[in-house]
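Enquirer: Sharing model.cif below, mmCIF, C-alpha atoms:
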data_upload
#
loop_
_atom_site.label_atom_id
_atom_site.label_comp_id
_atom_site.auth_asym_id
_atom_site.auth_seq_id
_atom_site.Cartn_x
_atom_site.Cartn_y
_atom_site.Cartn_z
CA MET A 177 0.00 0.00 0.00
CA ILE A 178 1.31 3.45 -0.85
CA SER A 179 1.56 6.23 1.75
CA GLU A 180 -1.65 7.77 3.12
CA LYS A 181 -0.43 11.19 2.05
CA MET A 182 -0.02 10.04 -1.56
CA ILE A 183 -3.39 8.28 -1.50
CA LYS A 184 -5.03 11.64 -0.74
CA MET A 185 -3.03 13.37 -3.47
CA THR A 186 -3.89 10.63 -5.97
CA GLN A 187 -7.58 10.93 -5.16
CA GLY A 188 -7.40 14.68 -5.55
CA GLY A 189 -5.49 14.45 -8.80
CA SER A 190 -5.24 17.56 -10.94
CA ALA A 191 -8.28 18.96 -12.68
CA ILE A 192 -6.05 20.85 -15.09
CA ARG A 193 -4.13 17.77 -16.16
CA ALA A 194 -7.31 15.71 -16.35
CA MET A 195 -8.88 18.21 -18.73
CA PHE A 196 -5.66 18.34 -20.75
CA GLU A 197 -5.86 14.56 -21.22
CA GLU A 198 -9.54 14.95 -22.16
CA GLY A 199 -8.37 17.35 -24.83
CA ASN A 200 -6.00 14.73 -26.23
CA ARG A 201 -8.92 12.29 -26.43
CA LEU A 202 -11.18 14.78 -28.20
CA ARG A 203 -8.45 15.79 -30.67
CA LYS A 204 -8.16 12.17 -31.80
CA LEU A 205 -11.90 12.08 -32.42
CA TYR A 206 -12.51 15.50 -33.98
CA GLY A 207 -9.11 16.81 -35.10
CA ASP A 208 -6.87 19.46 -33.55
CA GLU A 209 -8.58 22.35 -35.32
CA ASN A 210 -12.00 21.42 -33.89
CA VAL A 211 -10.99 21.23 -30.22
CA TYR A 212 -10.54 24.45 -28.23
CA ASP A 213 -8.29 23.58 -25.32
CA PHE A 214 -7.87 26.41 -22.80
CA THR A 215 -6.75 24.24 -19.89
CA LEU A 216 -2.97 24.27 -19.60
CA GLY A 217 -0.67 27.28 -19.22
CA ASN A 218 1.58 25.96 -21.97
CA PRO A 219 2.75 28.94 -24.08
CA ASN A 220 1.95 28.58 -27.76
CA PHE A 221 4.34 31.37 -28.74
CA PRO A 222 7.99 30.57 -29.49
CA ALA A 223 10.94 31.43 -27.29
CA PRO A 224 12.94 34.50 -28.33
CA GLU A 225 15.53 33.79 -31.03
CA LYS A 226 18.28 34.70 -28.55
CA VAL A 227 17.49 31.54 -26.57
CA ARG A 228 18.31 29.32 -29.55
CA THR A 229 21.46 31.21 -30.51
CA ALA A 230 22.69 31.24 -26.91
CA ALA A 231 22.21 27.48 -26.61
CA GLU A 232 24.00 26.86 -29.90
CA ASP A 233 26.89 29.12 -28.92
CA ILE A 234 27.30 27.45 -25.53
CA LEU A 235 27.18 23.94 -26.97
CA ARG A 236 29.62 24.85 -29.73
CA ASN A 237 32.20 26.72 -27.67
CA CYS A 238 32.16 25.28 -24.16
CA SER A 239 33.62 21.98 -22.98
CA SER A 240 31.26 19.14 -22.16
CA VAL A 241 32.10 19.42 -18.47
CA ASP A 242 31.34 23.14 -18.46
CA VAL A 243 27.99 22.55 -20.13
CA HIS A 244 26.80 19.26 -18.66
CA GLY A 245 28.79 18.73 -15.46
CA TYR A 246 27.91 19.20 -11.83
CA MET A 247 28.35 22.55 -10.19
CA SER A 248 27.51 23.95 -6.76
CA ASN A 249 24.01 22.86 -5.70
CA SER A 250 23.06 26.55 -5.70
CA GLY A 251 24.05 26.97 -9.34
CA TYR A 252 26.93 28.47 -11.32
CA PRO A 253 28.35 31.45 -9.39
CA GLU A 254 28.56 33.60 -12.51
CA VAL A 255 24.92 32.87 -13.39
CA ARG A 256 23.71 33.70 -9.89
CA SER A 257 25.67 36.94 -9.95
CA ALA A 258 24.22 37.85 -13.35
CA VAL A 259 20.67 37.27 -12.05
CA ALA A 260 21.38 39.39 -8.97
CA GLU A 261 22.82 42.24 -11.04
CA ASN A 262 19.84 42.14 -13.39
CA LEU A 263 17.39 42.37 -10.50
CA ASN A 264 19.35 45.24 -8.95
CA SER A 265 19.37 47.20 -12.20
CA ARG A 266 15.63 46.72 -12.74
CA PHE A 267 14.26 47.11 -9.23
CA GLY A 268 16.86 49.01 -7.22
CA THR A 269 17.54 46.03 -4.96
CA ASP A 270 20.85 45.00 -3.42
CA PHE A 271 21.13 41.28 -4.14
CA THR A 272 24.41 39.48 -4.64
CA GLY A 273 24.91 36.05 -6.13
CA ASP A 274 24.92 34.69 -2.57
CA ASN A 275 21.22 35.57 -2.31
CA ILE A 276 20.26 33.61 -5.45
CA LEU A 277 19.63 29.87 -5.74
CA MET A 278 19.08 28.46 -9.22
CA THR A 279 16.11 26.08 -9.18
CA VAL A 280 14.12 23.63 -11.25
CA GLY A 281 11.50 26.20 -12.19
CA ALA A 282 9.30 28.19 -9.82
CA ALA A 283 7.72 24.94 -8.56
CA GLY A 284 11.17 23.77 -7.52
CA ALA A 285 11.80 27.11 -5.84
CA MET A 286 8.52 26.87 -3.91
CA ASN A 287 9.27 23.35 -2.72
CA VAL A 288 12.79 24.29 -1.69
CA ILE A 289 11.73 27.28 0.40
CA LEU A 290 8.84 25.41 2.04
CA LYS A 291 11.15 22.51 2.86
CA THR A 292 13.57 25.05 4.33
CA LEU A 293 11.08 26.96 6.47
CA LEU A 294 8.39 24.57 7.69
CA ASN A 295 8.17 22.52 10.85
CA PRO A 296 5.26 20.08 11.15
CA GLY A 297 2.09 22.02 11.95
CA ASP A 298 3.38 25.38 10.76
CA GLU A 299 0.73 27.35 8.91
CA VAL A 300 1.04 28.78 5.43
CA LEU A 301 -1.60 31.31 4.39
CA VAL A 302 -2.78 31.50 0.77
CA PHE A 303 -5.25 33.86 -0.87
CA ALA A 304 -8.02 32.28 -2.93
CA PRO A 305 -8.08 31.83 -5.81
CA PHE A 306 -4.62 30.28 -6.01
CA PHE A 307 -2.55 27.80 -8.02
CA LEU A 308 -3.95 24.43 -6.96
CA GLU A 309 -0.57 22.74 -6.34
CA TYR A 310 0.21 24.98 -3.35
CA GLY A 311 -1.74 22.63 -1.11
CA ASN A 312 0.36 19.65 -2.18
CA TYR A 313 3.60 21.60 -1.83
CA ILE A 314 2.72 22.62 1.72
CA SER A 315 1.55 19.17 2.84
CA ASN A 316 4.78 17.69 1.43
CA TYR A 317 6.54 19.19 4.45
CA ASP A 318 3.74 18.62 6.97
CA GLY A 319 2.64 22.22 6.92
CA VAL A 320 -0.97 23.34 7.25
CA MET A 321 -2.50 25.41 4.47
CA LYS A 322 -5.00 28.04 5.57
CA ILE A 323 -7.09 29.56 2.80
CA ILE A 324 -8.09 33.21 2.95
CA PRO A 325 -11.35 33.54 0.98
CA ALA A 326 -11.40 35.37 -2.34
CA ASN A 327 -12.05 39.10 -2.15
CA ILE A 328 -14.62 39.07 -4.93
CA ASP A 329 -15.97 42.51 -4.11
CA GLY A 330 -12.44 43.90 -4.12
CA ASP A 331 -11.64 42.90 -7.71
CA PHE A 332 -9.77 39.86 -6.35
CA GLN A 333 -7.11 42.01 -4.66
CA PRO A 334 -6.08 40.24 -1.41
CA SER A 335 -7.78 41.65 1.68
CA PRO A 336 -5.41 43.01 4.38
CA GLU A 337 -8.22 42.73 6.92
CA ALA A 338 -8.75 39.04 6.11
CA LEU A 339 -5.00 38.47 6.36
CA ALA A 340 -4.90 40.06 9.82
CA GLU A 341 -7.68 37.76 10.99
CA ALA A 342 -5.95 34.65 9.62
CA VAL A 343 -2.51 35.10 11.20
CA THR A 344 -1.83 33.01 14.31
CA PRO A 345 1.29 32.20 16.36
CA ARG A 346 1.78 29.17 14.06
CA THR A 347 1.88 31.25 10.88
CA LYS A 348 5.26 30.76 9.23
CA ALA A 349 4.63 32.03 5.71
CA VAL A 350 2.19 33.71 3.35
CA ILE A 351 2.17 32.89 -0.37
CA ILE A 352 1.13 35.37 -3.01
CA ASN A 353 1.17 34.83 -6.76
CA ASN A 354 1.59 38.09 -8.69
CA PRO A 355 0.35 38.39 -11.43
CA ASN A 356 -2.19 35.89 -10.26
CA ASN A 357 -2.99 32.49 -11.65
CA PRO A 358 -5.96 32.05 -12.26
CA THR A 359 -7.45 35.58 -12.31
CA GLY A 360 -4.80 37.53 -14.25
CA VAL A 361 -5.06 40.24 -11.58
CA ILE A 362 -1.93 42.20 -10.63
CA TYR A 363 -1.73 42.96 -6.93
CA SER A 364 -1.18 46.71 -6.74
CA ALA A 365 1.47 48.59 -4.80
CA GLN A 366 -1.31 49.83 -2.52
CA THR A 367 -2.40 46.25 -1.79
CA VAL A 368 1.14 45.05 -1.22
CA THR A 369 1.89 47.97 1.10
CA ALA A 370 -1.21 47.17 3.16
CA LEU A 371 -0.35 43.45 3.35
CA ALA A 372 3.21 44.26 4.43
CA ALA A 373 1.92 46.55 7.18
CA VAL A 374 -0.27 43.76 8.55
CA LEU A 375 2.63 41.30 8.59
CA GLU A 376 4.99 43.77 10.25
CA ARG A 377 2.42 44.42 12.96
CA LYS A 378 1.74 40.74 13.50
CA GLN A 379 5.44 39.91 13.74
CA LYS A 380 5.82 42.46 16.53
CA GLU A 381 2.70 41.28 18.35
CA LEU A 382 3.64 37.61 18.17
CA GLY A 383 7.43 37.85 18.37
CA THR A 384 7.80 35.64 15.28
CA SER A 385 9.17 35.86 11.76
CA ILE A 386 6.55 35.56 9.03
CA TYR A 387 7.94 35.08 5.53
CA LEU A 388 6.21 36.37 2.43
CA ILE A 389 6.80 33.96 -0.45
CA SER A 390 6.19 35.64 -3.80
CA ASP A 391 5.58 33.20 -6.66
CA GLU A 392 6.33 35.18 -9.83
CA PRO A 393 6.45 33.11 -13.04
CA TYR A 394 4.18 35.67 -14.79
CA ARG A 395 6.04 38.81 -13.71
CA GLU A 396 6.99 39.84 -17.25
CA LEU A 397 3.46 39.43 -18.63
CA ALA A 398 1.82 42.74 -17.70
CA TYR A 399 -0.38 44.90 -19.93
CA ASP A 400 -1.60 48.47 -20.28
CA GLY A 401 1.39 49.94 -18.46
CA TYR A 402 0.74 47.99 -15.25
CA GLU A 403 3.78 47.36 -13.06
CA VAL A 404 4.21 44.36 -10.80
CA PRO A 405 5.56 45.48 -7.41
CA PHE A 406 8.83 43.82 -6.42
CA LEU A 407 8.08 42.67 -2.91
CA THR A 408 11.49 42.90 -1.23
CA LYS A 409 11.09 46.69 -1.49
CA TYR A 410 7.89 46.53 0.58
CA TYR A 411 8.54 43.80 3.13
CA ARG A 412 11.83 42.70 4.61
CA ASN A 413 11.08 39.01 5.16
CA THR A 414 10.41 38.29 1.48
CA VAL A 415 11.53 35.35 -0.64
CA VAL A 416 10.90 35.41 -4.40
CA GLY A 417 10.43 32.36 -6.60
CA TYR A 418 10.77 32.93 -10.34
CA SER A 419 10.65 30.91 -13.53
CA TRP A 420 11.52 31.61 -17.16
CA SER A 421 8.75 29.20 -18.22
CA LYS A 422 6.44 32.04 -19.25
CA SER A 423 8.75 35.00 -19.86
CA LEU A 424 10.88 33.01 -22.32
CA SER A 425 8.29 30.33 -23.26
CA LEU A 426 10.41 27.56 -21.74
CA PRO A 427 8.05 25.60 -19.46
CA GLY A 428 9.56 22.21 -20.25
CA GLU A 429 13.12 23.33 -19.53
CA ARG A 430 12.35 23.78 -15.81
CA ILE A 431 14.64 26.69 -15.01
CA GLY A 432 14.11 29.36 -12.38
CA TYR A 433 15.55 30.82 -9.20
CA LEU A 434 14.90 31.55 -5.55
CA ALA A 435 15.92 35.02 -4.31
CA VAL A 436 16.17 35.63 -0.56
CA ASN A 437 16.08 39.24 0.55
CA PRO A 438 19.49 39.87 2.18
CA ALA A 439 17.69 41.90 4.87
CA ALA A 440 15.37 39.01 5.83
CA ASP A 441 15.63 37.37 9.23
CA ASP A 442 18.22 34.56 9.10
CA ALA A 443 18.83 35.24 5.39
CA GLU A 444 22.22 33.52 5.31
CA LEU A 445 20.92 30.50 7.22
CA ILE A 446 17.92 30.28 4.86
CA MET A 447 20.21 30.29 1.83
CA ASN A 448 22.46 27.61 3.29
CA ALA A 449 19.50 25.42 4.18
CA ALA A 450 17.79 26.02 0.82
CA THR A 451 20.95 24.89 -0.99
CA ILE A 452 20.87 21.65 0.97
CA ALA A 453 17.12 21.28 0.34
CA ASN A 454 17.76 21.71 -3.39
CA ARG A 455 20.01 18.67 -3.22
CA ILE A 456 18.07 16.38 -0.92
CA LEU A 457 14.75 16.96 -2.69
CA GLY A 458 16.38 15.26 -5.66
CA PHE A 459 16.85 18.33 -7.86
CA VAL A 460 20.60 18.38 -6.98
CA ASN A 461 21.01 21.45 -9.17
CA ALA A 462 19.09 23.38 -11.80
CA PRO A 463 19.62 22.21 -15.41
CA SER A 464 23.20 23.12 -16.30
CA LEU A 465 22.77 24.13 -19.95
CA MET A 466 19.69 26.23 -19.25
CA GLN A 467 21.43 28.09 -16.43
CA ARG A 468 24.00 29.30 -18.94
CA VAL A 469 21.35 30.04 -21.57
CA VAL A 470 19.15 32.22 -19.36
CA ALA A 471 22.19 34.12 -18.11
CA GLN A 472 22.60 35.37 -21.70
CA CYS A 473 18.88 36.13 -22.04
CA LEU A 474 18.07 38.11 -18.91
CA ASP A 475 16.79 41.07 -20.90
CA GLU A 476 14.81 38.96 -23.38
CA LYS A 477 11.04 38.54 -23.19
CA ALA A 478 8.31 36.57 -24.85
CA ASP A 479 6.04 38.41 -27.28
CA VAL A 480 3.82 40.24 -24.78
CA ASP A 481 2.00 41.99 -27.64
CA ALA A 482 0.81 38.62 -28.94
CA TYR A 483 -0.59 37.68 -25.53
CA ASP A 484 -2.19 41.12 -25.32
CA ALA A 485 -3.90 40.63 -28.69
CA ASN A 486 -5.28 37.29 -27.48
CA ARG A 487 -6.42 38.91 -24.25
CA ARG A 488 -8.33 41.63 -26.05
CA SER A 489 -9.96 39.40 -28.64
CA LEU A 490 -11.01 36.76 -26.13
CA TYR A 491 -12.41 39.29 -23.67
CA LYS A 492 -14.40 41.03 -26.40
CA GLY A 493 -15.65 37.75 -27.81
CA LEU A 494 -16.78 36.41 -24.44
CA THR A 495 -18.42 39.61 -23.26
CA ASP A 496 -20.16 40.01 -26.64
CA CYS A 497 -21.65 36.56 -25.96
CA GLY A 498 -22.93 37.82 -22.61
CA PHE A 499 -20.38 36.24 -20.27
CA GLU A 500 -18.92 38.19 -17.34
CA CYS A 501 -15.11 38.18 -17.08
CA VAL A 502 -12.39 39.79 -15.00
CA TYR A 503 -10.31 41.80 -17.46
CA PRO A 504 -6.77 40.57 -16.78
CA SER A 505 -3.93 43.02 -16.26
CA GLY A 506 -1.27 40.30 -16.28
CA ALA A 507 -0.46 36.62 -16.89
CA PHE A 508 -2.45 34.84 -19.64
CA TYR A 509 -5.65 33.73 -17.99
CA MET A 510 -9.24 34.91 -18.33
CA TRP A 511 -11.35 34.44 -15.18
CA MET A 512 -14.95 34.03 -16.30
CA LYS A 513 -18.03 33.91 -14.09
CA ALA A 514 -20.15 30.79 -14.44
CA PRO A 515 -23.77 31.67 -15.25
CA GLY A 516 -25.85 30.51 -12.32
CA GLY A 517 -22.73 30.03 -10.20
CA ASP A 518 -22.07 26.36 -11.02
CA ASP A 519 -18.59 26.10 -12.53
CA LYS A 520 -18.71 22.29 -12.75
CA LEU A 521 -21.85 22.46 -14.86
CA LEU A 522 -20.28 25.09 -17.11
CA VAL A 523 -17.20 22.91 -17.66
CA GLU A 524 -19.38 19.93 -18.58
CA ARG A 525 -21.62 21.95 -20.90
CA ALA A 526 -18.60 23.50 -22.63
CA LYS A 527 -17.21 20.05 -23.42
CA LYS A 528 -20.25 19.41 -25.63
CA TYR A 529 -18.88 22.12 -27.92
CA ASN A 530 -15.27 20.84 -27.62
CA VAL A 531 -14.36 23.80 -25.41
CA LEU A 532 -12.14 22.76 -22.51
CA LEU A 533 -12.06 24.93 -19.38
CA VAL A 534 -10.94 24.49 -15.76
CA GLY A 535 -13.44 25.02 -12.97
CA GLY A 536 -12.80 27.59 -10.29
CA ALA A 537 -13.33 25.04 -7.52
CA SER A 538 -9.86 23.74 -8.40
CA PHE A 539 -8.51 27.13 -7.33
CA ALA A 540 -10.61 27.28 -4.12
CA CYS A 541 -13.00 29.73 -5.75
CA PRO A 542 -16.10 28.02 -7.18
CA GLY A 543 -18.43 29.93 -9.45
CA TYR A 544 -15.79 30.83 -12.05
CA VAL A 545 -13.74 29.10 -14.74
CA ARG A 546 -10.19 29.70 -15.89
CA ILE A 547 -9.44 30.12 -19.59
CA ALA A 548 -5.76 29.99 -20.58
CA TYR A 549 -5.32 32.24 -23.62
CA CYS A 550 -1.68 31.33 -24.29
CA VAL A 551 -3.03 29.59 -27.40
CA SER A 552 -2.86 30.45 -31.08
CA PRO A 553 -5.00 33.39 -32.24
CA ASP A 554 -6.87 30.96 -34.50
CA THR A 555 -7.90 28.88 -31.51
CA ILE A 556 -9.56 31.92 -29.97
CA LYS A 557 -11.16 33.02 -33.24
CA ASN A 558 -12.49 29.57 -34.07
CA SER A 559 -13.76 28.94 -30.54
CA LEU A 560 -16.05 31.98 -30.38
CA PRO A 561 -18.97 30.35 -32.28
CA ALA A 562 -18.79 27.51 -29.75
CA PHE A 563 -18.85 29.97 -26.86
CA LYS A 564 -21.84 31.64 -28.53
CA LYS A 565 -23.72 28.33 -28.57
CA LEU A 566 -22.78 27.82 -24.94
CA ALA A 567 -24.13 31.26 -24.04
CA GLU A 568 -27.35 30.50 -25.92
CA GLU A 569 -27.73 27.30 -23.92
CA TYR A 570 -27.64 29.45 -20.77
CA GLY A 571 -30.04 31.95 -22.28
CA ILE A 572 -27.67 34.90 -21.93
#
Take the structure I supplied and represent it as structure tokens, if you would.
Expert:
Amino acid sequence: MISEKMIKMTQGGSAIRAMFEEGNRLRKLYGDENVYDFTLGNPNFPAPEKVRTAAEDILRNCSSVDVHGYMSNSGYPEVRSAVAENLNSRFGTDFTGDNILMTVGAAGAMNVILKTLLNPGDEVLVFAPFFLEYGNYISNYDGVMKIIPANIDGDFQPSPEALAEAVTPRTKAVIINNPNNPTGVIYSAQTVTALAAVLERKQKELGTSIYLISDEPYRELAYDGYEVPFLTKYYRNTVVGYSWSKSLSLPGERIGYLAVNPAADDAELIMNAATIANRILGFVNAPSLMQRVVAQCLDEKADVDAYDANRRSLYKGLTDCGFECVYPSGAFYMWMKAPGGDDKLLVERAKKYNVLLVGGASFACPGYVRIAYCVSPDTIKNSLPAFKKLAEEYGI
């Protein structure tokens, strides 16, 4: 018999992955062009050309050991320094390479920092809606996830008042995801300032350190002049997890970093422990070739204009059909309200028209569905008649 913990995770499964597999089944029956799969955040747009040329240059001109060999578990020193310098130039921070740990994507970074921080029974607060794997990450290390309900009336900005009510002496960390998956909302500087004030006050009241873990794989995908606040400038005990999966369209390469604010409590100890966690979790080190590639591509970005065009066309198409949506300011997700409030029913009805969505219950926020618009423009265009039929079925 497998472990009880894994039995629970197996029973829970992943709604996103399940719908993705459903899409594979439908494509075999009806053809790729007749299935409108909006389930997985798998960028359809190519990586910048610089990624390919950097990889070719490294493979051509570096020795096999330099490209494919082991290095420090924290990553190549020169890569970590380059990441730190890039952050400092962009955000006015004061990182050094010693504050950076190269990781196997943002998911690896999140697991490393939770492994580093949590004792059994420690609480981690998350704001609904949130990326569904957070619960599994936290339970991996015997932490307790506490969900702060969605602030629907506040445009899905996290509520400082709700945060204050949720903090207890067992609170070790708070996770925020900015821009947010699944809503596409960017948490404003005003919101972040208010959250930081709550945490500072609670730390003083309780005599504890509460770490703010900022999960930022969508940082570079912001529209209409919106800026994503860099949290170490607002709150001292901040740790940032980042991935190039979205900014460079490299999800399968699994490359990211963990950045620990040098001013955080026990920052040096956290870095030392995180480096060990990186090894004992089985990552050992981040992918060697991709470390060197991203170091040459720190100023490169995916085609944000293409995502923006998808955002605009999908929002217009859905609202013209009568659906209510949150207009996203970042990431590449549309958060659509389920007519009648039943997201499971909406997901099932949409499948009749070969439209694949993910229900909001998977993100601890029922009554909505997530639509990933990191697809081809043709997928959006061709799906709109199906959405129209779906709207007609609801009588909207």
Enquirer: Which of these residues is nearest to A:Trp420, using all atoms listed in the file: A:Thr229, A:Ser248, A:Thr279, A:Thr495?
Expert: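 Residue with the minimum atom-to-atom distance to A:Trp420: A:Thr279.
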Enquirer: Once the PyMOL selection byres ((chain A and resi 348-354) around 8) has been evaluated on this model, what residues remain selected, and can you format them as a PDB file with C-alpha atoms, in the frame of the given file?
Expert:
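Written output follows (result34.pdb):
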ATOM      1  CA  LEU A 293      11.080  26.960   6.470  1.00  0.00           C
ATOM      2  CA  LEU A 294       8.390  24.570   7.690  1.00  0.00           C
ATOM      3  CA  ASP A 298       3.380  25.380  10.760  1.00  0.00           C
ATOM      4  CA  GLU A 299       0.730  27.350   8.910  1.00  0.00           C
ATOM      5  CA  VAL A 300       1.040  28.780   5.430  1.00  0.00           C
ATOM      6  CA  LEU A 301      -1.600  31.310   4.390  1.00  0.00           C
ATOM      7  CA  VAL A 302      -2.780  31.500   0.770  1.00  0.00           C
ATOM      8  CA  PHE A 303      -5.250  33.860  -0.870  1.00  0.00           C
ATOM      9  CA  PHE A 306      -4.620  30.280  -6.010  1.00  0.00           C
ATOM     10  CA  ARG A 346       1.780  29.170  14.060  1.00  0.00           C
ATOM     11  CA  THR A 347       1.880  31.250  10.880  1.00  0.00           C
ATOM     12  CA  PRO A 355       0.350  38.390 -11.430  1.00  0.00           C
ATOM     13  CA  ASN A 356      -2.190  35.890 -10.260  1.00  0.00           C
ATOM     14  CA  ASN A 357      -2.990  32.490 -11.650  1.00  0.00           C
ATOM     15  CA  VAL A 361      -5.060  40.240 -11.580  1.00  0.00           C
ATOM     16  CA  ILE A 362      -1.930  42.200 -10.630  1.00  0.00           C
ATOM     17  CA  TYR A 363      -1.730  42.960  -6.930  1.00  0.00           C
ATOM     18  CA  SER A 385       9.170  35.860  11.760  1.00  0.00           C
ATOM     19  CA  ILE A 386       6.550  35.560   9.030  1.00  0.00           C
ATOM     20  CA  TYR A 387       7.940  35.080   5.530  1.00  0.00           C
ATOM     21  CA  LEU A 388       6.210  36.370   2.430  1.00  0.00           C
ATOM     22  CA  ILE A 389       6.800  33.960  -0.450  1.00  0.00           C
ATOM     23  CA  SER A 390       6.190  35.640  -3.800  1.00  0.00           C
ATOM     24  CA  ASP A 391       5.580  33.200  -6.660  1.00  0.00           C
ATOM     25  CA  GLU A 392       6.330  35.180  -9.830  1.00  0.00           C
ATOM     26  CA  TYR A 394       4.180  35.670 -14.790  1.00  0.00           C
ATOM     27  CA  ARG A 395       6.040  38.810 -13.710  1.00  0.00           C
ATOM     28  CA  VAL A 404       4.210  44.360 -10.800  1.00  0.00           C
TER      29      VAL A 404
END
Enquirer: List the residues matched by the PyMOL selection byres ((chain A and resi 382) around 10) in the displayed structure as a VMD selection string, ordered by chain and then by residue number.
Expert: chain A and resid 343 to 347 377 to 381 383 to 386
Enquirer: If you apply the PyMOL selection byres ((chain A and resi 464-469) around 7) to this file, what residues do you get, as an mmCIF file with C-alpha atoms, in the frame of the given file?
Expert:
data_model
loop_
_atom_site.group_PDB
_atom_site.id
_atom_site.type_symbol
_atom_site.label_atom_id
_atom_site.label_comp_id
_atom_site.auth_asym_id
_atom_site.auth_seq_id
_atom_site.Cartn_x
_atom_site.Cartn_y
_atom_site.Cartn_z
ATOM 1 C CA VAL A 227 17.490 31.540 -26.570
ATOM 2 C CA ALA A 230 22.690 31.240 -26.910
ATOM 3 C CA ALA A 231 22.210 27.480 -26.610
ATOM 4 C CA VAL A 243 27.990 22.550 -20.130
ATOM 5 C CA HIS A 244 26.800 19.260 -18.660
ATOM 6 C CA VAL A 255 24.920 32.870 -13.390
ATOM 7 C CA ILE A 431 14.640 26.690 -15.010
ATOM 8 C CA ALA A 462 19.090 23.380 -11.800
ATOM 9 C CA PRO A 463 19.620 22.210 -15.410
ATOM 10 C CA VAL A 470 19.150 32.220 -19.360
ATOM 11 C CA ALA A 471 22.190 34.120 -18.110
ATOM 12 C CA GLN A 472 22.600 35.370 -21.700
ATOM 13 C CA CYS A 473 18.880 36.130 -22.040
#
Enquirer: Using only C-alpha atoms, which residue out of A:Thr292, A:Gln366, A:Thr272, A:Asn210 lies closest to A:Ala449?
Expert: A:Thr292
Enquirer: For A:Asp331, which residue among A:Gly273, A:Pro305, A:Gly428, A:Pro515 is the nearest when counting only C-alpha atoms?
Expert: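 The answer is A:Pro305, which sits nearest to A:Asp331.
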Enquirer: For a quick check of understanding, using all atoms listed in the file, which of A:Ile324, A:Met247, A:Leu426, A:Val534 has the smallest distance to A:Arg228?
Expert: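 Using all atoms listed in the file, A:Arg228 sits closest to A:Leu426.
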Enquirer: Nearest residue to A:Ser419 out of A:Ala453, A:Ala435, A:Leu566, A:Leu308, using all atoms listed in the file?
Expert: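 Residue with the minimum atom-to-atom distance to A:Ser419: A:Ala435.
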Enquirer: Of the residues A:Leu533, A:Leu235, A:Met177, A:Leu263, which is the one nearest to A:Tyr418, using only C-alpha atoms?
Expert: A:Leu263
Enquirer: Around (-0.2, 34.7, -17.2) in the file's frame, which residues reach within 12 Å when counting all atoms listed in the file? Return as an NGL selection string?
Expert: :A and (216-219 or 307 or 353-362 or 392-399 or 421-423 or 425 or 478 or 480 or 483-484 or 486-487 or 504-511 or 546-551)
Enquirer: One decimal, Å: what's the distance from atom CA of A:Val259 over to atom CA of A:Leu371, could you say?
Expert: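 Interatomic distance here is 26.8 Å.
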Enquirer: Find the residues near A:Asp270: any atom within 9 Å, counting only C-alpha atoms, skip ones fewer than 5 places away on the same chain, and give them as a PDB file with C-alpha atoms, keeping the file's coordinate frame.
Expert:
ATOM      1  CA  ALA A 260      21.380  39.390  -8.970  1.00  0.00           C
ATOM      2  CA  GLU A 261      22.820  42.240 -11.040  1.00  0.00           C
ATOM      3  CA  LEU A 263      17.390  42.370 -10.500  1.00  0.00           C
ATOM      4  CA  ASN A 264      19.350  45.240  -8.950  1.00  0.00           C
ATOM      5  CA  ASN A 437      16.080  39.240   0.550  1.00  0.00           C
ATOM      6  CA  PRO A 438      19.490  39.870   2.180  1.00  0.00           C
TER       7      PRO A 438
END
Enquirer: Please indicate the distance in Å from atom CA of A:Ala283 to atom CA of A:Thr451, rounded to one decimal place.
Expert: 15.2 Å
Enquirer: Which distance in Å separates atom CA of A:Pro224 and atom CA of A:Leu560, to one decimal?
Expert: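 Between atom CA of A:Pro224 and atom CA of A:Leu560 the gap is 29.2 Å.
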